[in-house]
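Worksheet for the structure shown next.
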Amino acid sequence: MLAKRIIPCLDIKNGQTVKGVKFVEIKEVGDPVELGALYAEQGADELVFLDITASHEGRKTFVDLVKRIARNINIPFTVGGGISELSDADALLNAGADKISVNSSAVRNPQLINDLAQNFGRQFVVAAIDAKHQQGDDWTVTVNGGRIPTEKKLFSWASECEERGAGEILFTSMDHDGVKQGFANEALAKLSDELNIPIIASGGAGAMEHFKDVFTIGKADAGLAASIFHFKEIPIPELKAYLNKEGIPIRL
Amino acid sequence: MIEKMGDSSDTQKIVIIKYNAGNIRSVTNALARLGYEAEITGDPDKIKEADKVIFPGVGEASTTMAYLRATGLDEVITKLKQPVLGICLGMQLMCSYSEEGGVDCLGIFDEQVKKFQLPEPNDRNVKIPHMGWNKIANVKMPLFDGSLEGEYVYFVHSFYVAMGEDTAATTKYIHPYSSALQKDNFYATQFHPEKSGSVGERILANFLKL
C-alpha cells in the first residue's frame with residue numbers, strides 16, 4: 001500500500017534555513033544540507049527546499065546549494081521559489097532537483113505549468129497554491145507569500161493546474177499556517193475528491209493528531225510542516241510510530 | 001554520516017548510459033555516496049567495455065525508443081553480457097512492448113508495459129501517477145537479499161510492467177505488478193533505488209557486487 005508521506009519544509013535565505021511565523025518574523029534554524037540529511041535519516045519521506053531570497057546573487061547560491069543537497073541526500077526533494085522561466089527549472093534539474101514547485105509565477109503565467117510539464121514531465125512539476133479562506137467553499141488564491149490576493153479561486157485554479165500538467169498540488173492555507181491548530185481538512189478533502197493527482201497539505205501542523213486528521217479527514221497524500229520539526233517539537237520517528245499505531249500506512 | 005559500502009580497492013568501471021532522458025545525475029550521486037565513480041556516456045565502445053552498465057531514465061517511451069534506434073544504442077544494450085541495471089523508464093524500455101506511445105521496446109524481457117487504469121472511472125481515491133513510497137514483496141536474489149522483503153522504496157510512474165516469468169519483485173498499486181525484473185545478466189527496477197534511502201543503497205550495492 002502506498003504510504004502517506006511526511007515532508008519537512010526548509011525555507012532558505014542566503015543559503016541558510018529560516019522559518020517565518022505566518023510568513024513574517026524570520027528566525028534562522030541551521031544549515032540546510034545538514035538539517036535535510038538529518039531529516040532523511042530520521043525517516044522523512046521527502047524534503048522541500050523553498051528559496052525565499054529575491055536577489056540574483058541569492059539565486060546562484062541556491063543552485064549551488066541544490067547541488068550539495070543532491071550529492072548528500074538519498075531521498076527525493078522538491079525545490080521552489082523564484083522559478084518563472086524554463087531556464088530556472090532547467091538549472092535546478094541539472095543541479096539534481098527531483099521536482100520543482102511553482103507558485104506566484106504560475107498564477108501570473110499559467111502557461112508556465114504546461115511548458116514545464118512538456119519539457120520535464122508532469123512528475124517534475126508541483127503547483128504550490130497559497131489561499132485564504134473567505135466563506136464556505138470560497139478560498140482566494142494569494143501570491144507573494146500570502147500578501148497579495150488574486151482573482152483566482154482555490155478549487156478552480158487547482159483543477160486548472162492539474163489540466164495544465166501539474167503532477168502534484170501543494171496547498172497552504174494562509175489561515176492555518178503558523179497557528180498550529182491543525183490543517184485545513186475540509187478544503188483538503190474537497191481538493192482530493194476533485195483532483196486525480198496527489199495533494200500535499202501544508203499549514204497548521206502543531207500536534208501528531210493533526211497529521212492523523214489530515215490523512216483521514218483531509219484525505220491528503222502528504223503532510224508538510226516546518227517549525228514543529230525544526231524546533232524539535234515533534235520528532236519524525238515519534239510521529240511516524242504514532243501514525244503507524246493509528247493505522248495510517250506509513251514507511252517506518 | 002553516510003558510510004561508504006563500496007570497497008575502496010574496487011576499481012570496476014561503471015557506465016551510466018546517456019540518452020535523451022532526465023535526471024541521470026541522481027544515479028551518479030547515489031553511486032558516489034556508495035564510494036563508486038561512474039561515467040555518463042553514450043559512446044557504444046565505452047558501454048561495451050564497462051563492468052557494470054546502468055540504464056536509468058525518466059521520460060516518454062516512444063520518443064526515447066526512437067532515439068535509441070536512431071543512435072544504434074538499442075542493439076548495443078540488448079547485446080551486453082555484463083550486469084545491466086535498468087531503472088524506471090529504463091526497465092520499461094527493456095520490455096517487449098509499451099502502451100506509452102504504442103511502441104515495440106528492446107525485448108530483453110518478455111513482459112509488457114501497460115497504463116494504470118482507475119479501478120472505477122472517476123475514482124478519486126486512487127491517484128495516477130503512482131508516486132511515493134510503497135513496499136516490495138516476493139523479492140528474488142541476487143539483486144535483493146531476504147532482508148529487503150517488505151521494505152519501502154520510492155516510485156514515480158503512470159505505466160507498469162505486468163507480472164511475468166522475469167518478475168523479481170512485486171508491488172501492489174491498484175493490483176500487483178512487477179516492480180523488479182531479472183533475466184540472465186539483465187536486472188531492472190521500476191522504483192528509484194537512487195532515491196530510496198538506505199534501502200535503495202543496499203539494492204544498488206547488491207548490483208555492484210555482482
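Ligands are numbered from 1 in the order shown, residues from 1 within each chain, and chains are lettered A, B, ... in the order they appear in the C-alpha cells.
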Pull the strand (DSSP E) assignments for stretch 46-200 of chain B out of DSSP run on the backbone, and list those residues as number ranges by chain. B: 52-55, 84-87, 97-98, 103-104, 112-115, 130-135, 152-157, 159-161, 167-173, 175-183, 186-189
Can you pull out every residue within 12 Å of A:Leu243, counting only C-alpha atoms, but drop anything in the same chain fewer than 5 positions away, and send it as a ChimeraX atom specification? /A:3-6,207-216,223,236-238,248-252
For a quick test of understanding: name the residues of chain B lying within 10 Å of chain A when counting only C-alpha atoms, and present them as a ChimeraX atom specification. /B:1-2,21-33,58-60,118,122-136,151-158,171-174,192-201
Atoms kept (C-alpha atoms) for selection, written as a CSV table (one decimal), in the first residue's frame:
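Listing of out_29.csv after writing:
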```csv
chain,number,residue,atom,x,y,z
B,1,MET,CA,27.4,10.5,8.0
B,2,ILE,CA,26.7,8.0,5.2
B,21,ALA,CA,16.1,11.4,-20.6
B,22,GLY,CA,16.1,13.4,-17.5
B,23,ASN,CA,17.8,13.3,-14.1
B,24,ILE,CA,20.7,10.9,-14.6
B,25,ARG,CA,22.7,12.9,-12.1
B,26,SER,CA,20.8,11.4,-9.1
B,27,VAL,CA,22.2,8.0,-10.0
B,28,THR,CA,25.8,9.3,-10.2
B,29,ASN,CA,25.3,11.0,-6.8
B,30,ALA,CA,24.0,7.8,-5.3
B,31,LEU,CA,26.9,5.8,-6.6
B,32,ALA,CA,29.3,8.4,-5.2
B,33,ARG,CA,27.7,8.1,-1.8
B,58,VAL,CA,12.6,9.5,-16.7
B,59,GLY,CA,10.8,10.3,-19.9
B,60,GLU,CA,8.4,9.1,-22.6
B,118,LEU,CA,-8.5,3.6,-12.2
B,122,ASN,CA,-13.8,8.9,-11.6
B,123,ASP,CA,-12.4,7.0,-8.6
B,124,ARG,CA,-10.8,9.8,-6.7
B,125,ASN,CA,-9.3,7.6,-4.0
B,126,VAL,CA,-6.6,6.4,-6.4
B,127,LYS,CA,-4.1,8.8,-7.8
B,128,ILE,CA,-2.1,8.3,-11.0
B,129,PRO,CA,0.9,8.5,-11.2
B,130,HIS,CA,1.8,6.0,-8.6
B,131,MET,CA,4.0,8.4,-6.6
B,132,GLY,CA,5.6,7.9,-3.3
B,133,TRP,CA,6.9,5.1,-1.1
B,134,ASN,CA,5.5,1.6,-1.5
B,135,LYS,CA,6.5,-2.0,-0.5
B,136,ILE,CA,8.4,-4.6,-2.4
B,151,GLU,CA,10.8,-2.7,2.6
B,152,TYR,CA,9.6,0.6,1.2
B,153,VAL,CA,11.1,2.1,-1.9
B,154,TYR,CA,10.3,5.2,-4.0
B,155,PHE,CA,8.2,5.1,-7.1
B,156,VAL,CA,7.0,7.7,-9.7
B,157,HIS,CA,5.3,6.2,-12.7
B,158,SER,CA,2.0,6.0,-14.6
B,171,THR,CA,4.4,-4.3,-5.6
B,172,LYS,CA,0.7,-3.7,-5.2
B,173,TYR,CA,-0.8,-0.5,-6.5
B,174,ILE,CA,-4.4,-0.9,-7.8
B,192,HIS,CA,14.3,4.6,-8.0
B,193,PRO,CA,16.9,2.9,-5.8
B,194,GLU,CA,18.9,6.1,-6.0
B,195,LYS,CA,16.1,7.9,-4.2
B,196,SER,CA,15.0,5.1,-1.8
B,197,GLY,CA,17.2,6.0,1.2
B,198,SER,CA,19.3,3.3,2.8
B,199,VAL,CA,17.1,0.5,1.3
B,200,GLY,CA,17.9,1.7,-2.2
B,201,GLU,CA,21.5,2.0,-1.4
```
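Distance annotation: of B:Leu80, B:Phe207, B:Asp74, B:Ala66, the residue with the minimal separation from B:Lys46 is B:Leu80; atom set is only C-alpha atoms.
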Contacts of A:Ala106 at 10 Å or less, counting only C-alpha atoms, minus same-chain residues fewer than 2 places along, as a PyMOL selection string? chain A and resi 83-85+101-104+108-114+127-129+143+161
Print the selection's residues with N, CA and C atoms to a file, as an mmCIF file, in the first residue's frame.
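Written file, result.cif:
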```cif
data_model
loop_
_atom_site.group_PDB
_atom_site.id
_atom_site.type_symbol
_atom_site.label_atom_id
_atom_site.label_comp_id
_atom_site.auth_asym_id
_atom_site.auth_seq_id
_atom_site.Cartn_x
_atom_site.Cartn_y
_atom_site.Cartn_z
ATOM 1 N N ILE A 83 10.962 30.531 -9.422
ATOM 2 C CA ILE A 83 11.066 29.874 -10.734
ATOM 3 C C ILE A 83 10.011 30.481 -11.650
ATOM 4 N N SER A 84 10.456 31.279 -12.626
ATOM 5 C CA SER A 84 9.471 31.906 -13.504
ATOM 6 C C SER A 84 9.710 31.585 -14.970
ATOM 7 N N GLU A 85 10.826 30.929 -15.259
ATOM 8 C CA GLU A 85 11.125 30.572 -16.649
ATOM 9 C C GLU A 85 11.639 29.148 -16.722
ATOM 10 N N SER A 101 8.719 23.402 -7.548
ATOM 11 C CA SER A 101 7.379 23.916 -7.278
ATOM 12 C C SER A 101 7.283 25.343 -7.782
ATOM 13 N N VAL A 102 6.134 25.641 -8.388
ATOM 14 C CA VAL A 102 5.869 26.999 -8.867
ATOM 15 C C VAL A 102 4.632 27.513 -8.155
ATOM 16 N N ASN A 103 4.645 28.808 -7.845
ATOM 17 C CA ASN A 103 3.563 29.385 -7.061
ATOM 18 C C ASN A 103 3.086 30.673 -7.732
ATOM 19 N N SER A 104 3.575 31.817 -7.276
ATOM 20 C CA SER A 104 3.142 33.103 -7.832
ATOM 21 C C SER A 104 3.358 33.202 -9.340
ATOM 22 N N ARG A 108 0.580 34.129 -12.301
ATOM 23 C CA ARG A 108 0.750 35.231 -13.256
ATOM 24 C C ARG A 108 0.833 34.723 -14.691
ATOM 25 N N ASN A 109 1.443 33.543 -14.876
ATOM 26 C CA ASN A 109 1.625 32.980 -16.218
ATOM 27 C C ASN A 109 1.317 31.485 -16.188
ATOM 28 N N PRO A 110 0.025 31.129 -16.252
ATOM 29 C CA PRO A 110 -0.370 29.715 -16.129
ATOM 30 C C PRO A 110 0.271 28.803 -17.175
ATOM 31 N N GLN A 111 0.587 29.370 -18.343
ATOM 32 C CA GLN A 111 1.217 28.580 -19.419
ATOM 33 C C GLN A 111 2.536 27.971 -18.941
ATOM 34 N N LEU A 112 3.163 28.583 -17.929
ATOM 35 C CA LEU A 112 4.424 28.064 -17.389
ATOM 36 C C LEU A 112 4.280 26.601 -16.972
ATOM 37 N N ILE A 113 3.125 26.241 -16.404
ATOM 38 C CA ILE A 113 2.910 24.849 -15.972
ATOM 39 C C ILE A 113 2.936 23.915 -17.185
ATOM 40 N N ASN A 114 2.229 24.306 -18.269
ATOM 41 C CA ASN A 114 2.235 23.484 -19.489
ATOM 42 C C ASN A 114 3.656 23.311 -20.003
ATOM 43 N N ALA A 127 2.494 22.199 -8.311
ATOM 44 C CA ALA A 127 1.847 23.507 -8.278
ATOM 45 C C ALA A 127 1.563 23.844 -6.818
ATOM 46 N N ALA A 128 2.245 24.875 -6.315
ATOM 47 C CA ALA A 128 2.029 25.314 -4.933
ATOM 48 C C ALA A 128 0.984 26.417 -4.943
ATOM 49 N N ILE A 129 -0.012 26.265 -4.089
ATOM 50 C CA ILE A 129 -1.094 27.262 -4.031
ATOM 51 C C ILE A 129 -1.249 27.743 -2.594
ATOM 52 N N VAL A 143 -0.736 35.560 -3.711
ATOM 53 C CA VAL A 143 0.647 35.450 -4.193
ATOM 54 C C VAL A 143 1.582 36.260 -3.296
ATOM 55 N N CYS A 161 -4.524 23.742 -12.765
ATOM 56 C CA CYS A 161 -3.121 23.320 -12.641
ATOM 57 C C CYS A 161 -2.976 21.861 -13.059
#
```
Give me the residues within 9 Å of B:Val84 as number ranges by chain, counting only C-alpha atoms and dropping any in the same chain fewer than 5 places off. B: 52-55, 77, 185-188, 207
Saved selection, atoms kept: N, CA and C atoms, as a CSV table (one decimal), in the first residue's frame:
```csv
chain,number,residue,atom,x,y,z
B,52,LYS,N,30.0,-2.8,-15.4
B,52,LYS,CA,28.5,-2.6,-15.0
B,52,LYS,C,27.9,-1.5,-15.8
B,53,VAL,N,26.7,-1.8,-16.3
B,53,VAL,CA,26.0,-0.7,-17.0
B,53,VAL,C,24.7,-0.4,-16.4
B,54,ILE,N,24.5,0.9,-16.2
B,54,ILE,CA,23.2,1.4,-15.6
B,54,ILE,C,22.4,2.1,-16.7
B,55,PHE,N,21.2,1.8,-16.8
B,55,PHE,CA,20.3,2.4,-17.9
B,55,PHE,C,19.1,3.0,-17.2
B,77,ILE,N,22.7,-2.2,-26.3
B,77,ILE,CA,22.1,-2.6,-25.0
B,77,ILE,C,21.7,-4.0,-25.0
B,185,ASN,N,21.8,-11.7,-17.4
B,185,ASN,CA,22.6,-10.6,-16.9
B,185,ASN,C,21.8,-9.2,-16.8
B,186,PHE,N,20.5,-9.3,-17.1
B,186,PHE,CA,19.7,-8.0,-17.1
B,186,PHE,C,18.9,-7.9,-15.8
B,187,TYR,N,19.0,-6.8,-15.2
B,187,TYR,CA,18.2,-6.5,-13.9
B,187,TYR,C,17.5,-5.2,-14.1
B,188,ALA,N,16.4,-5.0,-13.5
B,188,ALA,CA,15.7,-3.8,-13.6
B,188,ALA,C,14.7,-3.5,-12.4
B,207,PHE,N,23.8,-4.9,-6.6
B,207,PHE,CA,24.1,-4.9,-8.0
B,207,PHE,C,25.5,-4.7,-8.3
```
If DSSP is run on the backbone, what residues of stretch 48-86 of chain B are helix (DSSP H, G or I)? A reply as an mmCIF file with C-alpha atoms, in the first residue's frame would be ideal.
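For reference, part-v4.cif as written:
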```
data_model
loop_
_atom_site.group_PDB
_atom_site.id
_atom_site.type_symbol
_atom_site.label_atom_id
_atom_site.label_comp_id
_atom_site.auth_asym_id
_atom_site.auth_seq_id
_atom_site.Cartn_x
_atom_site.Cartn_y
_atom_site.Cartn_z
ATOM 1 C CA LYS B 48 30.500 -2.397 -24.183
ATOM 2 C CA GLU B 49 33.756 -2.350 -22.204
ATOM 3 C CA ALA B 61 8.748 5.582 -24.045
ATOM 4 C CA SER B 62 8.094 6.038 -27.762
ATOM 5 C CA THR B 63 10.294 9.124 -28.254
ATOM 6 C CA THR B 64 13.057 7.517 -26.216
ATOM 7 C CA MET B 65 12.862 4.260 -28.231
ATOM 8 C CA ALA B 66 13.088 6.301 -31.450
ATOM 9 C CA TYR B 67 16.234 7.947 -30.064
ATOM 10 C CA LEU B 68 17.792 4.615 -29.064
ATOM 11 C CA ARG B 69 17.134 3.177 -32.543
ATOM 12 C CA ALA B 70 18.451 6.269 -34.321
ATOM 13 C CA THR B 71 21.709 6.131 -32.353
ATOM 14 C CA LEU B 73 22.083 2.170 -28.722
ATOM 15 C CA ASP B 74 19.188 -0.326 -28.935
ATOM 16 C CA GLU B 75 21.467 -3.029 -30.354
ATOM 17 C CA VAL B 76 24.333 -2.099 -28.052
ATOM 18 C CA ILE B 77 22.139 -2.564 -24.974
ATOM 19 C CA THR B 78 20.461 -5.823 -25.995
#
```
Quick one: distance from atom CA of A:Lys232 to atom CA of A:Arg68 in Å, one decimal? 23.9 Å
Which residues come within 6 Å of stretch 47-63 of chain A, counting only C-alpha atoms, excluding same-chain residues fewer than 5 positions away, as a short mmCIF file (atom, residue, chain, number, x, y, z; two decimals) with N, CA and C atoms, in the first residue's frame?
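What follows is the written file out32.cif:
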```cif
data_model
loop_
_atom_site.label_atom_id
_atom_site.label_comp_id
_atom_site.auth_asym_id
_atom_site.auth_seq_id
_atom_site.Cartn_x
_atom_site.Cartn_y
_atom_site.Cartn_z
N ILE A 7 6.66 15.34 5.09
CA ILE A 7 7.60 16.19 4.37
C ILE A 7 8.00 17.42 5.17
N PRO A 8 9.22 17.45 5.70
CA PRO A 8 9.69 18.70 6.31
C PRO A 8 10.01 19.73 5.22
N CYS A 9 9.65 20.97 5.50
CA CYS A 9 9.92 22.04 4.54
C CYS A 9 10.96 22.98 5.12
N LEU A 10 11.98 23.27 4.33
CA LEU A 10 13.04 24.17 4.78
C LEU A 10 13.00 25.44 3.93
N ASP A 11 12.75 26.57 4.59
CA ASP A 11 12.81 27.85 3.89
C ASP A 11 14.26 28.31 3.91
N ILE A 12 14.76 28.72 2.74
CA ILE A 12 16.17 29.06 2.61
C ILE A 12 16.32 30.54 2.28
N LYS A 13 17.16 31.22 3.04
CA LYS A 13 17.54 32.58 2.68
C LYS A 13 19.05 32.70 2.75
N ASN A 14 19.65 33.12 1.64
CA ASN A 14 21.11 33.24 1.55
C ASN A 14 21.80 31.97 2.02
N PHE A 77 13.65 15.20 -3.33
CA PHE A 77 13.40 16.55 -2.82
C PHE A 77 12.90 17.49 -3.91
N THR A 78 12.08 18.44 -3.45
CA THR A 78 11.48 19.46 -4.31
C THR A 78 12.12 20.79 -3.98
N VAL A 79 12.36 21.60 -5.00
CA VAL A 79 12.85 22.94 -4.72
C VAL A 79 11.91 23.95 -5.35
N GLY A 80 11.77 25.08 -4.67
CA GLY A 80 10.87 26.11 -5.19
C GLY A 80 11.33 27.48 -4.80
N GLY A 81 10.63 28.47 -5.33
CA GLY A 81 10.97 29.86 -5.05
C GLY A 81 11.61 30.52 -6.24
#
```
Kindly give the distance, in Å, that separates atom CA of A:Lys99 and atom CA of B:Lys114, rounded to a single decimal. 24.5 Å
Determine the nearest neighbour of A:Leu86 from the options A:Val141, A:Ala117, A:Val107, A:Gln42, counting only C-alpha atoms.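 Once distances to A:Leu86 are computed over only C-alpha atoms, the minimum belongs to A:Ala117.
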Give the answer as one residue: which of A:Val126, A:Asn144, A:Leu224, A:Gln16 has the shortest atom-to-atom distance to A:Glu162, using only C-alpha atoms? A:Val126
If I take atom CA of B:Ile108 and atom CA of B:Gly146, how far is one from the other in Å, to one decimal?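 Interatomic distance, atom CA of B:Ile108 to atom CA of B:Gly146: 25.7 Å.
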Nearby residues (only C-alpha atoms) at most 10 Å from B:Asp10, same-chain spacing under 6 positions excluded, as a short mmCIF file (atom, residue, chain, number, x, y, z; two decimals) with C-alpha atoms, in the first residue's frame:
```
data_model
loop_
_atom_site.label_atom_id
_atom_site.label_comp_id
_atom_site.auth_asym_id
_atom_site.auth_seq_id
_atom_site.Cartn_x
_atom_site.Cartn_y
_atom_site.Cartn_z
CA GLY B 35 32.08 5.14 -2.93
CA TYR B 36 31.91 4.46 -6.67
CA LEU B 208 27.59 -3.53 -7.83
CA LYS B 209 28.73 -6.72 -6.07
#
```
